[in-house]
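Working notes, structure below.
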Amino acid sequence: MRISDVLRGKGTDVVTIPGSASVADLVALLRDKGIGAVVVVDEADSERIAGIVSERDVVRRLADRADGLMELPVSEVMTADVHTCGQGDELNEVAVKMTDRRIRHLPVVEEGRLNSIVSIGDVVKARLGELQAERDALEGYISS
């Protein structure tokens, strides 16, 4: 199974925010959308990734500096070194990358442009679907 198969089921919507937005705007966006991370996009090109920011980034920054945190720009809280994947990447390889690097959200990039995002939950759900299909096939083979 490839990432494109996961995206076919979940869609390609991705929530983004500019780096100049405030952490208060970010927190409201995370709450309103019910998500755990947002891709930070280049101010001049909304399909180019500048970073990624998650609830975890906000909490870590909160522990270091609570005063004025909500007024800071997202660019000061985000992770700038963003790991990505492509639609053609194998699901198992992406799962290993996410696990090894302790990443819960991975932007999907095609030809240098932001295409979508996958979460560890998306990966686990797809993998469970694969395992169920294998189980069903084996049970069908055994009973025939």
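Please note that chains go A, B, ... in the order of the structure tokens, that every chain numbers its residues from 1, and that ligands are numbered from 1 in the order shown.
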Contacts of A:Arg104 within 7 Å, only C-alpha atoms, excl. fewer than 5 positions in-chain, as a PyMOL selection string: chain A and resi 98+119-120
Give the helix (DSSP H, G or I) residues of chain A, as DSSP finds them on the backbone, and put them as an NGL selection string. :A and (3-10 or 23-33 or 55-64 or 69-71 or 74-76 or 91-101 or 120-143)
Pick out the residues sitting within 9 Å of A:Thr84, and hand them over as a list of chain:residue names; count only C-alpha atoms, and ignore anything fewer than 4 positions along from it in its own chain.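 Counting only the stated atoms, we get A:His105, A:Leu106, A:Pro107, A:Val108, A:Val109, A:Ile117.
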What does the structure give for the distance between atom CA of A:Asp81 and atom CA of A:Ile49, in Å to one decimal? 10.0 Å
Nearest-residue call for A:Ala28, choices A:Asp89, A:Glu111, A:Asp42, A:Glu55, using only C-alpha atoms: A:Glu55
Give the answer as one residue: which of A:Ile3, A:Ala66, A:Val118, A:Val15 has the shortest atom-to-atom distance to A:Asn92, using only C-alpha atoms?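 Among the listed residues, the smallest separation from A:Asn92 belongs to A:Ile3.
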